[in-house]
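**Q** This one is my_file-v3.cif, mmCIF, C-alpha atoms.
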```cif
data_my_file
#
loop_
_atom_site.label_atom_id
_atom_site.label_comp_id
_atom_site.auth_asym_id
_atom_site.auth_seq_id
_atom_site.Cartn_x
_atom_site.Cartn_y
_atom_site.Cartn_z
CA MET W 19 -8.85 -223.76 -279.25
CA LYS W 20 -9.90 -224.81 -275.79
CA ARG W 21 -6.33 -224.43 -274.59
CA LEU W 22 -6.22 -220.85 -275.86
CA LYS W 23 -9.46 -220.04 -274.07
CA LEU W 24 -8.04 -221.39 -270.80
CA ALA W 25 -4.85 -219.37 -271.30
CA VAL W 26 -6.82 -216.16 -271.78
CA ILE W 27 -8.86 -216.80 -268.63
CA ALA W 28 -5.65 -217.51 -266.66
CA LEU W 29 -4.14 -214.30 -268.00
CA PHE W 30 -6.98 -212.16 -266.70
CA THR W 31 -6.78 -213.91 -263.33
CA LEU W 32 -3.03 -213.17 -263.16
CA VAL W 33 -3.33 -209.47 -263.85
CA THR W 34 -5.82 -209.06 -261.01
CA VAL W 35 -3.27 -210.23 -258.41
CA SER W 36 0.12 -209.20 -259.81
CA ASN W 37 1.91 -206.23 -258.22
CA VAL W 38 5.22 -205.74 -260.03
CA ASN W 39 6.35 -202.67 -261.92
CA ALA W 40 5.13 -201.69 -265.34
CA GLN W 41 7.33 -201.38 -268.40
CA ASP W 42 9.09 -198.04 -268.81
CA GLU W 43 12.14 -196.44 -270.40
CA ASN W 44 14.48 -198.07 -267.88
CA ASN W 45 14.31 -201.27 -269.95
CA PRO W 46 14.09 -199.91 -273.50
CA TRP W 47 14.43 -203.24 -275.29
CA ALA W 48 12.06 -206.22 -275.36
CA VAL W 49 11.66 -209.50 -277.20
CA GLY W 50 8.57 -211.67 -277.28
CA PHE W 51 7.51 -215.06 -278.50
CA GLY W 52 4.27 -217.01 -278.46
CA VAL W 53 1.36 -218.20 -280.58
CA ASN W 54 -0.84 -216.26 -282.99
CA VAL W 55 -4.40 -216.82 -284.15
CA VAL W 56 -5.85 -215.58 -287.46
CA ASP W 57 -9.60 -214.98 -287.80
CA PHE W 58 -10.87 -213.97 -291.26
CA TYR W 59 -13.90 -211.71 -291.54
CA ASN W 60 -17.09 -213.59 -292.42
CA GLY W 61 -19.34 -210.60 -291.97
CA ASP W 62 -18.14 -210.52 -288.36
CA ASN W 63 -18.09 -207.41 -286.29
CA PHE W 64 -15.82 -206.82 -283.33
CA THR W 65 -18.33 -208.42 -280.95
CA ASP W 66 -18.19 -211.61 -283.00
CA HIS W 67 -14.42 -211.44 -282.85
CA VAL W 68 -14.56 -211.26 -279.04
CA LYS W 69 -16.89 -214.25 -278.98
CA ASP W 70 -14.38 -216.11 -281.15
CA LEU W 71 -11.69 -215.11 -278.70
CA LEU W 72 -13.62 -216.77 -275.91
CA GLY W 73 -14.11 -220.09 -277.62
CA ASN W 74 -15.65 -220.24 -281.11
CA SER W 75 -13.95 -222.63 -283.49
CA ASP W 76 -13.30 -220.55 -286.60
CA TRP W 77 -9.80 -219.52 -285.57
CA ASN W 78 -6.67 -220.59 -287.36
CA ILE W 79 -3.82 -221.52 -285.04
CA LEU W 80 -0.50 -223.30 -285.40
CA PRO W 81 0.11 -225.22 -282.14
CA SER W 82 3.70 -224.08 -281.65
CA ILE W 83 5.70 -220.91 -281.24
CA SER W 84 4.47 -219.01 -284.26
CA ARG W 85 5.19 -215.36 -283.54
CA ILE W 86 8.34 -213.50 -282.45
CA SER W 87 8.79 -209.80 -281.88
CA GLY W 88 11.37 -207.22 -280.97
CA GLU W 89 10.66 -203.79 -279.43
CA LYS W 90 12.42 -200.51 -278.68
CA TYR W 91 10.95 -197.98 -276.30
CA LEU W 92 10.95 -194.53 -277.91
CA ASP W 93 9.64 -191.84 -275.59
CA LYS W 94 6.56 -190.69 -273.68
CA GLY W 95 4.86 -194.07 -273.83
CA PHE W 96 5.57 -194.84 -277.49
CA THR W 97 7.25 -198.12 -278.47
CA LEU W 98 8.27 -199.43 -281.89
CA GLN W 99 7.58 -203.14 -282.44
CA LEU W 100 8.80 -205.39 -285.27
CA ALA W 101 7.18 -208.82 -285.46
CA GLY W 102 7.14 -211.89 -287.64
CA SER W 103 4.42 -214.54 -287.54
CA LEU W 104 3.63 -217.86 -289.21
CA ASN W 105 0.33 -219.72 -289.35
CA LYS W 106 -1.68 -222.42 -291.13
CA ILE W 107 -5.08 -221.41 -292.55
CA ASP W 108 -7.66 -224.19 -292.64
CA PHE W 109 -10.77 -222.12 -291.83
CA LEU W 110 -11.65 -219.43 -294.30
CA LYS W 111 -15.42 -219.70 -294.64
CA VAL W 112 -16.04 -223.04 -293.03
CA GLU W 113 -13.83 -225.48 -291.19
CA ASN W 114 -11.20 -227.24 -293.31
CA ASP W 115 -12.23 -225.47 -296.48
CA VAL W 116 -8.65 -224.44 -297.31
CA ASP W 117 -5.06 -225.37 -296.61
CA PHE W 118 -2.98 -222.18 -296.91
CA LEU W 119 0.36 -221.04 -295.53
CA TYR W 120 0.17 -217.69 -293.76
CA TRP W 121 3.11 -215.46 -292.87
CA ALA W 122 3.46 -211.81 -291.98
CA VAL W 123 6.06 -209.20 -291.11
CA ASP W 124 4.75 -206.14 -289.25
CA ALA W 125 5.98 -202.84 -287.90
CA ILE W 126 3.71 -201.01 -285.45
CA VAL W 127 3.93 -198.17 -282.95
CA LYS W 128 2.39 -198.89 -279.55
CA TYR W 129 1.16 -196.26 -277.11
CA ASP W 130 1.02 -197.16 -273.40
CA LEU W 131 -2.33 -195.94 -272.03
CA ASN W 132 -0.74 -195.45 -268.59
CA ASN W 133 0.79 -192.28 -270.04
CA ILE W 134 -2.58 -190.61 -270.66
CA ALA W 135 -2.55 -189.44 -267.03
CA PRO W 136 -0.20 -190.41 -264.17
CA GLY W 137 -3.18 -191.09 -261.94
CA ILE W 138 -4.23 -194.18 -263.89
CA ASP W 139 -0.83 -195.86 -263.84
CA THR W 140 -1.50 -199.50 -262.82
CA GLY W 141 2.18 -200.37 -262.40
CA TRP W 142 2.16 -204.06 -263.24
CA PHE W 143 -0.41 -203.74 -266.05
CA ASP W 144 0.44 -202.02 -269.35
CA PRO W 145 -2.59 -201.61 -271.64
CA TYR W 146 -1.85 -200.12 -275.03
CA VAL W 147 -3.21 -199.31 -278.47
CA TYR W 148 -1.24 -199.68 -281.66
CA LEU W 149 -1.16 -198.60 -285.27
CA GLY W 150 1.18 -199.59 -288.07
CA GLY W 151 1.63 -201.60 -291.18
CA GLY W 152 3.31 -204.64 -292.63
CA TYR W 153 3.34 -207.29 -295.31
CA THR W 154 1.10 -210.34 -295.10
CA SER W 155 1.10 -213.39 -297.38
CA VAL W 156 -1.74 -215.98 -297.65
CA ASP W 157 -1.28 -218.92 -300.06
CA SER W 158 1.57 -217.08 -301.78
CA ASN W 159 -0.56 -213.98 -302.31
CA GLY W 160 0.86 -211.07 -300.39
CA GLU W 161 0.39 -207.34 -300.01
CA GLY W 162 0.93 -204.43 -297.65
CA VAL W 163 -1.58 -204.17 -294.84
CA LEU W 164 -2.68 -201.58 -292.27
CA ASN W 165 -2.61 -202.77 -288.66
CA ALA W 166 -4.61 -201.37 -285.71
CA GLY W 167 -5.54 -202.87 -282.39
CA VAL W 168 -5.15 -203.12 -278.65
CA GLY W 169 -3.16 -205.20 -276.22
CA PHE W 170 -1.51 -205.29 -272.85
CA ASN W 171 1.53 -206.58 -270.96
CA ALA W 172 1.11 -208.07 -267.52
CA TRP W 173 4.47 -208.10 -265.74
CA PHE W 174 5.50 -210.90 -263.42
CA ASN W 175 8.62 -208.98 -262.36
CA ASN W 176 10.84 -206.19 -263.66
CA ASN W 177 11.79 -208.12 -266.76
CA LEU W 178 9.31 -210.90 -267.56
CA GLY W 179 5.68 -210.52 -268.53
CA LEU W 180 2.75 -211.98 -270.45
CA ASN W 181 1.65 -210.27 -273.66
CA PHE W 182 -1.77 -210.29 -275.23
CA GLN W 183 -2.47 -208.42 -278.48
CA THR W 184 -5.38 -208.39 -280.90
CA GLY W 185 -6.21 -206.20 -283.88
CA THR W 186 -7.34 -205.85 -287.45
CA LYS W 187 -5.24 -206.23 -290.59
CA LYS W 188 -6.62 -204.67 -293.75
CA GLY W 189 -4.84 -204.93 -297.09
CA PHE W 190 -4.45 -202.10 -299.57
CA SER W 191 -5.82 -204.34 -302.39
CA SER W 192 -7.84 -207.56 -302.51
CA LYS W 193 -5.01 -210.03 -302.42
CA VAL W 194 -5.38 -210.70 -298.71
CA ASP W 195 -8.79 -210.68 -297.05
CA THR W 196 -9.30 -208.47 -294.03
CA HIS W 197 -8.79 -210.43 -290.85
CA TYR W 198 -8.07 -210.30 -287.15
CA GLN W 199 -4.76 -211.47 -285.76
CA THR W 200 -4.43 -212.23 -282.05
CA SER W 201 -1.29 -213.25 -280.20
CA LEU W 202 -0.48 -214.54 -276.74
CA GLY W 203 3.04 -215.07 -275.43
CA LEU W 204 5.85 -214.11 -273.13
CA VAL W 205 7.70 -210.80 -273.34
CA ILE W 206 11.13 -210.09 -271.90
CA LYS W 207 12.34 -206.53 -271.44
CA PHE W 208 15.98 -205.64 -270.87
CA GLY W 209 18.61 -202.94 -271.33
CA GLY W 210 18.04 -201.08 -268.10
CA LYS W 211 21.19 -200.03 -266.22
CA ASP W 212 21.43 -200.49 -262.46
CA THR W 213 25.05 -199.72 -261.57
CA ASP W 214 24.73 -200.32 -257.84
CA GLY W 215 22.44 -203.35 -258.16
CA ASP W 216 19.79 -202.06 -255.77
CA GLY W 217 16.84 -202.70 -258.05
CA VAL W 218 16.44 -199.02 -258.95
CA TYR W 219 17.56 -198.22 -262.47
CA ASP W 220 20.15 -195.48 -262.87
CA LYS W 221 17.67 -193.25 -264.67
CA ASP W 222 15.53 -193.07 -261.54
CA ASP W 223 18.30 -193.63 -259.00
CA ALA W 224 19.21 -190.51 -257.07
CA CYS W 225 22.30 -192.37 -255.79
CA PRO W 226 23.30 -194.56 -258.76
CA ASP W 227 26.70 -195.56 -257.38
CA VAL W 228 25.52 -196.58 -253.91
CA ALA W 229 23.00 -199.35 -253.25
CA GLY W 230 19.89 -198.00 -251.62
CA LEU W 231 16.17 -198.43 -251.17
CA VAL W 232 13.32 -198.06 -253.63
CA GLU W 233 11.41 -195.77 -251.26
CA PHE W 234 14.38 -193.39 -251.22
CA ASN W 235 14.84 -193.41 -255.01
CA GLY W 236 17.83 -195.70 -254.69
CA CYS W 237 19.59 -193.81 -251.91
CA PRO W 238 20.83 -195.68 -248.81
CA ASP W 239 19.66 -195.56 -245.22
CA ALA W 240 22.64 -197.19 -243.50
CA ASP W 241 21.18 -197.11 -239.98
CA ALA W 242 17.66 -198.12 -241.09
CA ASP W 243 16.00 -195.31 -239.15
CA GLY W 244 13.76 -194.26 -242.03
CA ILE W 245 15.86 -191.22 -242.93
CA LYS W 246 18.03 -191.47 -246.01
CA ASP W 247 21.72 -190.91 -245.44
CA SER W 248 21.88 -187.67 -247.45
CA GLU W 249 19.43 -186.09 -244.99
CA ASP W 250 20.67 -187.95 -241.92
CA ALA W 251 23.02 -186.00 -239.67
CA CYS W 252 24.00 -189.32 -238.04
CA PRO W 253 23.87 -191.80 -240.94
CA ASN W 254 25.50 -194.68 -239.06
CA VAL W 255 23.44 -194.49 -235.87
CA ALA W 256 19.66 -194.91 -235.82
CA GLY W 257 17.94 -191.78 -234.60
CA LEU W 258 14.82 -189.66 -234.71
CA ALA W 259 13.37 -187.61 -237.53
CA VAL W 260 13.05 -184.57 -235.24
CA MET W 261 16.77 -184.92 -234.51
CA ASN W 262 17.66 -185.11 -238.23
CA GLY W 263 18.33 -188.82 -237.83
CA CYS W 264 20.45 -188.55 -234.68
CA PRO W 265 19.70 -190.31 -231.39
CA ASP W 266 18.76 -188.52 -228.18
CA SER W 267 19.53 -191.08 -225.48
CA ASP W 268 18.36 -188.99 -222.52
CA GLY W 269 15.33 -187.50 -224.28
CA ASP W 270 16.22 -183.90 -223.48
CA GLY W 271 15.77 -182.59 -227.01
CA VAL W 272 19.51 -182.32 -227.64
CA ALA W 273 20.96 -184.85 -230.09
CA ASP W 274 23.68 -187.05 -228.60
CA LYS W 275 26.26 -185.67 -231.04
CA ASP W 276 25.69 -182.18 -229.59
CA ASP W 277 24.96 -183.31 -226.03
CA MET W 278 27.81 -182.77 -223.55
CA CYS W 279 25.90 -185.05 -221.13
CA PRO W 280 24.19 -187.62 -223.40
CA ASN W 281 23.09 -189.84 -220.51
CA SER W 282 21.73 -187.10 -218.24
CA LYS W 283 18.67 -185.06 -219.14
CA GLY W 284 19.58 -181.40 -219.39
CA THR W 285 18.69 -178.26 -221.31
CA LYS W 286 19.57 -176.90 -224.71
CA ALA W 287 21.05 -173.81 -223.06
CA ASN W 288 23.51 -176.05 -221.21
CA LYS W 289 24.24 -178.24 -224.29
CA GLY W 290 22.21 -181.08 -222.83
CA CYS W 291 23.69 -181.01 -219.32
CA PRO W 292 21.69 -180.58 -216.09
CA ASP W 293 22.23 -177.75 -213.60
CA THR W 294 20.48 -178.95 -210.45
CA ASP W 295 21.10 -175.85 -208.33
CA GLY W 296 20.49 -173.42 -211.20
CA ASP W 297 23.70 -171.49 -210.59
CA GLY W 298 24.80 -171.55 -214.22
CA VAL W 299 27.44 -174.23 -213.60
CA VAL W 300 26.42 -177.61 -215.05
CA ASP W 301 26.48 -180.52 -212.62
CA LYS W 302 29.45 -182.26 -214.24
CA ASP W 303 31.60 -179.19 -213.54
CA ASP W 304 29.89 -178.17 -210.28
CA LYS W 305 31.69 -179.25 -207.11
CA CYS W 306 28.58 -178.27 -205.14
CA ALA W 307 25.84 -179.44 -207.53
CA ASN W 308 23.04 -179.04 -204.96
CA VAL W 309 24.05 -175.63 -203.65
CA ALA W 310 24.24 -172.54 -205.84
CA GLY W 311 27.61 -170.93 -206.17
CA PRO W 312 29.65 -168.83 -208.62
CA ALA W 313 31.45 -170.37 -211.59
CA VAL W 314 34.79 -168.91 -210.43
CA ASN W 315 34.50 -171.06 -207.31
CA ALA W 316 33.55 -174.23 -209.25
CA GLY W 317 29.87 -173.76 -208.47
CA CYS W 318 30.33 -173.67 -204.70
CA PRO W 319 29.35 -170.75 -202.46
CA TRP W 320 32.23 -168.69 -201.05
CA PRO W 321 33.07 -169.64 -197.42
CA ASP W 322 33.22 -167.23 -194.49
CA THR W 323 35.52 -169.09 -192.13
CA ASP W 324 35.48 -166.55 -189.29
CA GLY W 325 31.75 -165.78 -189.68
CA ASP W 326 32.30 -162.04 -189.80
CA GLY W 327 30.12 -161.52 -192.89
CA VAL W 328 33.13 -160.94 -195.11
CA LEU W 329 33.64 -163.82 -197.56
CA ASP W 330 37.04 -165.46 -197.43
CA LYS W 331 37.83 -164.29 -200.96
CA ASP W 332 37.56 -160.70 -199.76
CA ASP W 333 38.69 -161.25 -196.14
CA LYS W 334 42.28 -160.31 -195.49
CA CYS W 335 41.98 -161.95 -192.08
CA ALA W 336 39.88 -165.00 -193.03
CA SER W 337 40.42 -166.82 -189.71
CA VAL W 338 39.83 -163.78 -187.46
CA ALA W 339 36.54 -161.90 -187.40
CA GLY W 340 36.64 -158.28 -188.36
CA PRO W 341 34.39 -155.65 -189.94
CA ALA W 342 33.99 -155.24 -193.67
CA SER W 343 35.23 -151.67 -193.30
CA ASN W 344 38.62 -153.13 -192.35
CA ASN W 345 38.55 -155.89 -195.03
CA GLY W 346 37.45 -158.51 -192.52
CA CYS W 347 40.31 -157.83 -190.14
CA PRO W 348 39.87 -156.75 -186.51
CA GLU W 349 40.13 -153.05 -185.86
CA PRO W 350 43.66 -152.23 -184.56
CA VAL W 351 43.90 -151.96 -180.76
CA ILE W 352 46.34 -149.08 -181.06
CA ASP W 353 46.84 -146.42 -183.66
CA LYS W 354 49.85 -146.82 -185.89
CA LYS W 355 51.07 -143.34 -185.06
CA ASP W 356 50.98 -144.13 -181.35
CA ILE W 357 53.13 -147.19 -181.97
CA GLU W 358 55.65 -145.02 -183.78
CA VAL W 359 55.71 -142.60 -180.84
CA ILE W 360 56.30 -145.44 -178.35
CA ASN W 361 59.13 -146.85 -180.48
CA PHE W 362 60.78 -143.46 -180.79
CA THR W 363 60.36 -142.56 -177.13
CA ALA W 364 61.69 -145.92 -175.95
CA LYS W 365 65.07 -145.00 -177.46
CA SER W 366 65.32 -142.20 -174.88
CA ILE W 367 65.07 -144.59 -171.92
CA LEU W 368 68.62 -144.46 -170.55
CA PHE W 369 70.06 -146.13 -167.42
CA ASN W 370 72.94 -145.41 -165.13
CA THR W 371 76.02 -147.43 -165.99
CA GLY W 372 75.81 -151.02 -164.79
CA ARG W 373 72.53 -150.38 -163.01
CA SER W 374 68.80 -150.56 -163.60
CA SER W 375 68.11 -147.04 -162.35
CA PHE W 376 67.10 -144.31 -164.82
CA LYS W 377 69.22 -141.38 -165.78
CA PRO W 378 67.73 -137.94 -165.05
CA GLY W 379 64.85 -136.90 -167.37
CA VAL W 380 63.89 -140.46 -168.41
CA THR W 381 60.70 -140.49 -166.33
CA LYS W 382 59.35 -137.67 -168.50
CA GLN W 383 59.70 -139.93 -171.54
CA LEU W 384 58.13 -142.79 -169.66
CA ASP W 385 55.15 -140.63 -168.71
CA ALA W 386 54.54 -139.95 -172.42
CA ILE W 387 54.46 -143.71 -173.02
CA VAL W 388 52.05 -144.21 -170.11
CA SER W 389 49.73 -141.63 -171.62
CA ILE W 390 49.61 -143.54 -174.93
CA MET W 391 49.01 -146.86 -173.16
CA ASN W 392 46.10 -145.39 -171.19
CA LYS W 393 44.55 -144.01 -174.40
CA ASN W 394 44.76 -147.41 -176.07
CA ASN W 395 43.44 -149.44 -173.16
CA ARG W 396 42.80 -152.59 -175.26
CA ALA W 397 46.40 -152.94 -176.30
CA THR W 398 48.87 -155.21 -174.53
CA PHE W 399 52.63 -154.75 -174.49
CA SER W 400 55.89 -156.54 -173.93
CA ILE W 401 58.99 -154.74 -172.61
CA GLU W 402 62.31 -156.20 -173.76
CA GLY W 403 65.72 -155.36 -172.30
CA HIS W 404 68.95 -155.69 -174.34
CA THR W 405 72.70 -155.10 -173.69
CA ASP W 406 75.89 -154.99 -175.70
CA SER W 407 78.47 -157.78 -175.58
CA THR W 408 80.77 -156.13 -173.05
CA GLY W 409 81.20 -158.15 -169.87
CA LYS W 410 79.93 -161.57 -168.84
CA ALA W 411 76.90 -162.90 -170.70
CA SER W 412 75.21 -163.98 -167.46
CA THR W 413 75.68 -160.55 -165.96
CA ASN W 414 74.33 -158.88 -169.09
CA LEU W 415 71.28 -161.18 -169.15
CA LYS W 416 70.51 -160.44 -165.51
CA LEU W 417 70.99 -156.67 -165.99
CA SER W 418 68.74 -156.58 -169.12
CA GLY W 419 65.95 -158.32 -167.18
CA LYS W 420 66.23 -155.82 -164.31
CA ARG W 421 66.08 -152.84 -166.66
CA ALA W 422 62.97 -154.26 -168.45
CA ASN W 423 61.29 -154.77 -165.09
CA SER W 424 62.22 -151.26 -163.97
CA VAL W 425 60.36 -149.83 -166.99
CA MET W 426 57.36 -152.12 -166.37
CA ASN W 427 57.20 -151.24 -162.68
CA TYR W 428 57.26 -147.53 -163.43
CA ILE W 429 54.44 -147.83 -165.99
CA VAL W 430 52.31 -149.95 -163.64
CA SER W 431 52.93 -147.42 -160.86
CA LYS W 432 51.38 -144.79 -163.12
CA GLY W 433 48.11 -146.72 -163.34
CA VAL W 434 48.50 -149.06 -166.31
CA ASP W 435 47.06 -152.52 -165.53
CA ALA W 436 49.89 -154.99 -164.91
CA SER W 437 47.97 -157.68 -166.86
CA ARG W 438 48.56 -155.68 -170.01
CA ILE W 439 52.35 -155.69 -169.67
CA SER W 440 55.11 -158.26 -169.56
CA ALA W 441 58.89 -157.78 -169.18
CA LYS W 442 61.88 -159.89 -170.18
CA GLY W 443 65.62 -159.48 -170.62
CA PHE W 444 67.56 -160.92 -173.56
CA GLY W 445 71.09 -159.77 -172.70
CA LYS W 446 73.41 -159.58 -175.68
CA ASN W 447 71.48 -162.16 -177.74
CA HIS W 448 69.63 -159.80 -180.10
CA PRO W 449 71.95 -157.01 -181.22
CA VAL W 450 70.67 -154.48 -183.74
CA ASP W 451 74.17 -153.12 -184.51
CA SER W 452 77.83 -154.12 -184.37
CA ASN W 453 79.40 -154.52 -180.93
CA LYS W 454 82.82 -153.64 -182.35
CA THR W 455 82.22 -149.90 -182.27
CA ARG W 456 81.28 -147.57 -179.50
CA ALA W 457 78.27 -146.29 -181.43
CA GLY W 458 77.16 -149.82 -182.26
CA ARG W 459 77.38 -150.95 -178.65
CA ALA W 460 75.37 -147.88 -177.61
CA ASN W 461 72.58 -148.89 -180.04
CA ASN W 462 72.56 -152.42 -178.66
CA ARG W 463 72.03 -151.14 -175.09
CA ARG W 464 68.30 -150.49 -175.39
CA VAL W 465 64.76 -151.11 -174.22
CA GLU W 466 62.02 -152.00 -176.75
CA ILE W 467 58.28 -151.76 -176.11
CA LYS W 468 56.13 -153.86 -178.49
CA VAL W 469 52.36 -154.22 -178.99
CA THR W 470 51.41 -157.88 -178.53
CA ASN W 471 47.79 -157.93 -179.74
#
```
Starting from the file, lay out its structure as structure tokens.
**A**
Amino acid sequence: MKRLKLAVIALFTLVTVSNVNAQDENNPWAVGFGVNVVDFYNGDNFTDHVKDLLGNSDWNILPSISRISGEKYLDKGFTLQLAGSLNKIDFLKVENDVDFLYWAVDAIVKYDLNNIAPGIDTGWFDPYVYLGGGYTSVDSNGEGVLNAGVGFNAWFNNNLGLNFQTGTKKGFSSKVDTHYQTSLGLVIKFGGKDTDGDGVYDKDDACPDVAGLVEFNGCPDADADGIKDSEDACPNVAGLAVMNGCPDSDGDGVADKDDMCPNSKGTKANKGCPDTDGDGVVDKDDKCANVAGPAVNAGCPWPDTDGDGVLDKDDKCASVAGPASNNGCPEPVIDKKDIEVINFTAKSILFNTGRSSFKPGVTKQLDAIVSIMNKNNRATFSIEGHTDSTGKASTNLKLSGKRANSVMNYIVSKGVDASRISAKGFGKNHPVDSNKTRAGRANNRRVEIKVTN
């Protein structure tokens, strides 16, 4: 009896420190074995029974495994238990007044008090009440009995626990006296399915085929960042909750997977890339990252090589200054129409045969050219003399030079600054027509006046 008292005290100590899970439908089957104690009524009330439980000597106990049970969880906290027990009765009224064999077969329905309200669920501790019936035999006298009582399971782990149960058995006739039966033993629950072996039974496992964590209802968190894989946009790389589980290496608020510059702090508008000069071209693509410039010029400002205020991209004379009104080119020093007049008039400059003197009427044409040169006083000119191929080349070269100088001297004599004019003969070296015909040779004997600036 003393040993039983110590066991009960140890049991209550255990349940105050244990922290494993309570029994539930995940393990629907259980078996138990232990000892049972029979206490016959002697005018006792329940208080007397409790006192007996704590150490009085009028209990009947067989010092061996004397009770076995099997259980099946039903639903909503209800469990069906079948049990068989064996005992020796040597205390009926007083100690050693009888020597009876006691055996019983019982079927009860247990109700787990944790199911009254979820808020009182103790997890490791399963208190219950029970009601049922059975058949009890004492000294070969047996009858059906009504069973009612209380008990609890205290779980060491998910499968093994300690069971304590006590209650009243009352027969339907007088063959068996009313008595208390108390049992203490081990209970083993089983039958739960955990396909992925993660410790979360399939019934409660949101990811039954993949090992996971209890806190995520059995779902995995591969990168251990506290965000389960099903909600983690980067399940294999630890990240931040605000980034849906993805890392943000540069801390710019753009997850690395979406960040075009994951190691440089940028802006969301630029997909995580910086734009130091604020020109809309991110630094990695900006050839002039510290100076604002257009995207079409790789982020660099357009140059103005000649400094005329017309950007090179719009300047048709990028290396020579000129006004924007002329597309960056210098204003022409002579009007195009005047050039055409000079070219046309020059064809009328004719010389006496084999000489550098003018034929009659040529000076009138020359005066028209002088007038144009004076009007366009910024223009400079070159006068070129040419001959056909008739005669010696040296003679033709010398004659073409004289004729060019004759034209230049006449123009200078009419007031045109000599610094604006040059003269040179080319002989037969630059024909503009065939020298095989009379007409062709006539075209090759010519003077040309060209604008040189």
**Q** With all atoms listed in the file counted, which protein, DNA or RNA residues have an atom no more than 9 Å from (18.6, -187.1, -235.8) in the file frame? Please answer as JSON, numbers by chain.
**A** {"W": [245, 250, 251, 252, 253, 255, 256, 257, 258, 259, 260, 261, 262, 263, 264, 265, 266, 273, 274]}
**Q** Just give me the gap between CA of Glu233 (chain W) and CA of Glu249 (chain W) in Å, one decimal is fine.
**A** 14.0 Å
**Q** Record the distance separating CA of Thr285 (chain W) and CA of Ala307 (chain W), expressed in Å with one decimal.
**A** 15.6 Å
**Q** List the neighbours of region 50-55 of chain W out to 6 Å using only C-alpha atoms; skip same-chain residues closer than 3 positions along the sequence, and give me the result as a list in words.
**A**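 So, after excluding close chain neighbours, the residues are Asn78, Ile79, Ile83, Ser84, Arg85, Ile86, Ser87, Gln199, Thr200, Ser201, Leu202, Gly203, Leu204 and Val205 of chain W.
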**Q** How big is the axis-aligned box around all listed atoms of region 80-89 of chain W once 8 Å goes on each side, and where's its centre, in Å to one decimal, as AutoDock Vina command-line options?
**A**
```
--center_x 5.4 --center_y -214.5 --center_z -282.4 --size_x 27.9 --size_y 37.4 --size_z 22.0
```
**Q** Please determine the residues with any atom at most 6 Å from (-12.0, -211.5, -289.0) (coordinates as given in the file, with only C-alpha atoms counting) and report them as a ChimeraX atom specification.
**A** /W:57-59,197-198
**Q** Given the file above and the PyMOL selection byres ((chain W and resi 341) around 12), which residues are selected, and can you give them as a list of chain:residue names?
**A**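 The output of the PyMOL selection byres ((chain W and resi 341) around 12) on this file is W:Asp324, W:Gly325, W:Asp326, W:Gly327, W:Val328, W:Leu329, W:Asp332, W:Asp333, W:Lys334, W:Cys335, W:Ala336, W:Val338, W:Ala339, W:Gly340, W:Ala342, W:Ser343, W:Asn344, W:Asn345, W:Gly346, W:Cys347, W:Pro348, W:Glu349, W:Pro350.
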**Q** Would you please work out which residue, of W:Tyr129, W:Phe362, W:Trp77, W:Trp320, is nearest to Ala386 (chain W) when using all atoms listed in the file?
**A** W:Phe362
**Q** CA of Trp173 (chain W) to CA of Glu89 (chain W): how many Å, to one decimal?
**A**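 Interatomic distance, CA of Trp173 (chain W) to CA of Glu89 (chain W): 15.6 Å.
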**Q** To test your reading of the syntax: which residues would the PyMOL selection byres ((chain W and resi 215-225) around 12) return for the file shown? Reply as number ranges by chain.
**A** W: 39, 42-46, 175-177, 208-214, 226-239, 246-248
**Q** Determine the nearest neighbour of Asp195 (chain W) from the options W:Asn60, W:Asn165, W:Asn281, W:Asn462, counting only C-alpha atoms.
**A**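 For Asp195 (chain W), the nearest of the candidates is W:Asn60.
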**Q** Just add N, CA and C atoms to region 444-451 of chain W and send it as a PDB file, keeping the file's coordinate frame.
**A**
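part-v6.pdb written:
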```pdb
ATOM      1  N   PHE W 444      66.953-160.036-172.562  1.00  0.00           N
ATOM      2  CA  PHE W 444      67.560-160.920-173.560  1.00  0.00           C
ATOM      3  C   PHE W 444      69.083-160.806-173.605  1.00  0.00           C
ATOM      4  N   GLY W 445      69.647-159.920-172.745  1.00  0.00           N
ATOM      5  CA  GLY W 445      71.090-159.770-172.700  1.00  0.00           C
ATOM      6  C   GLY W 445      71.622-159.320-174.047  1.00  0.00           C
ATOM      7  N   LYS W 446      72.745-159.967-174.432  1.00  0.00           N
ATOM      8  CA  LYS W 446      73.410-159.580-175.680  1.00  0.00           C
ATOM      9  C   LYS W 446      72.915-160.374-176.892  1.00  0.00           C
ATOM     10  N   ASN W 447      71.862-161.185-176.711  1.00  0.00           N
ATOM     11  CA  ASN W 447      71.480-162.160-177.740  1.00  0.00           C
ATOM     12  C   ASN W 447      70.830-161.577-178.992  1.00  0.00           C
ATOM     13  N   HIS W 448      70.336-160.359-178.945  1.00  0.00           N
ATOM     14  CA  HIS W 448      69.630-159.800-180.100  1.00  0.00           C
ATOM     15  C   HIS W 448      70.150-158.409-180.453  1.00  0.00           C
ATOM     16  N   PRO W 449      71.401-158.323-180.883  1.00  0.00           N
ATOM     17  CA  PRO W 449      71.950-157.010-181.220  1.00  0.00           C
ATOM     18  C   PRO W 449      71.288-156.444-182.477  1.00  0.00           C
ATOM     19  N   VAL W 450      71.211-155.139-182.539  1.00  0.00           N
ATOM     20  CA  VAL W 450      70.670-154.480-183.740  1.00  0.00           C
ATOM     21  C   VAL W 450      71.792-153.752-184.474  1.00  0.00           C
ATOM     22  N   ASP W 451      73.047-153.801-183.883  1.00  0.00           N
ATOM     23  CA  ASP W 451      74.170-153.120-184.510  1.00  0.00           C
ATOM     24  C   ASP W 451      75.441-153.869-184.118  1.00  0.00           C
TER      25      ASP W 451
END
```
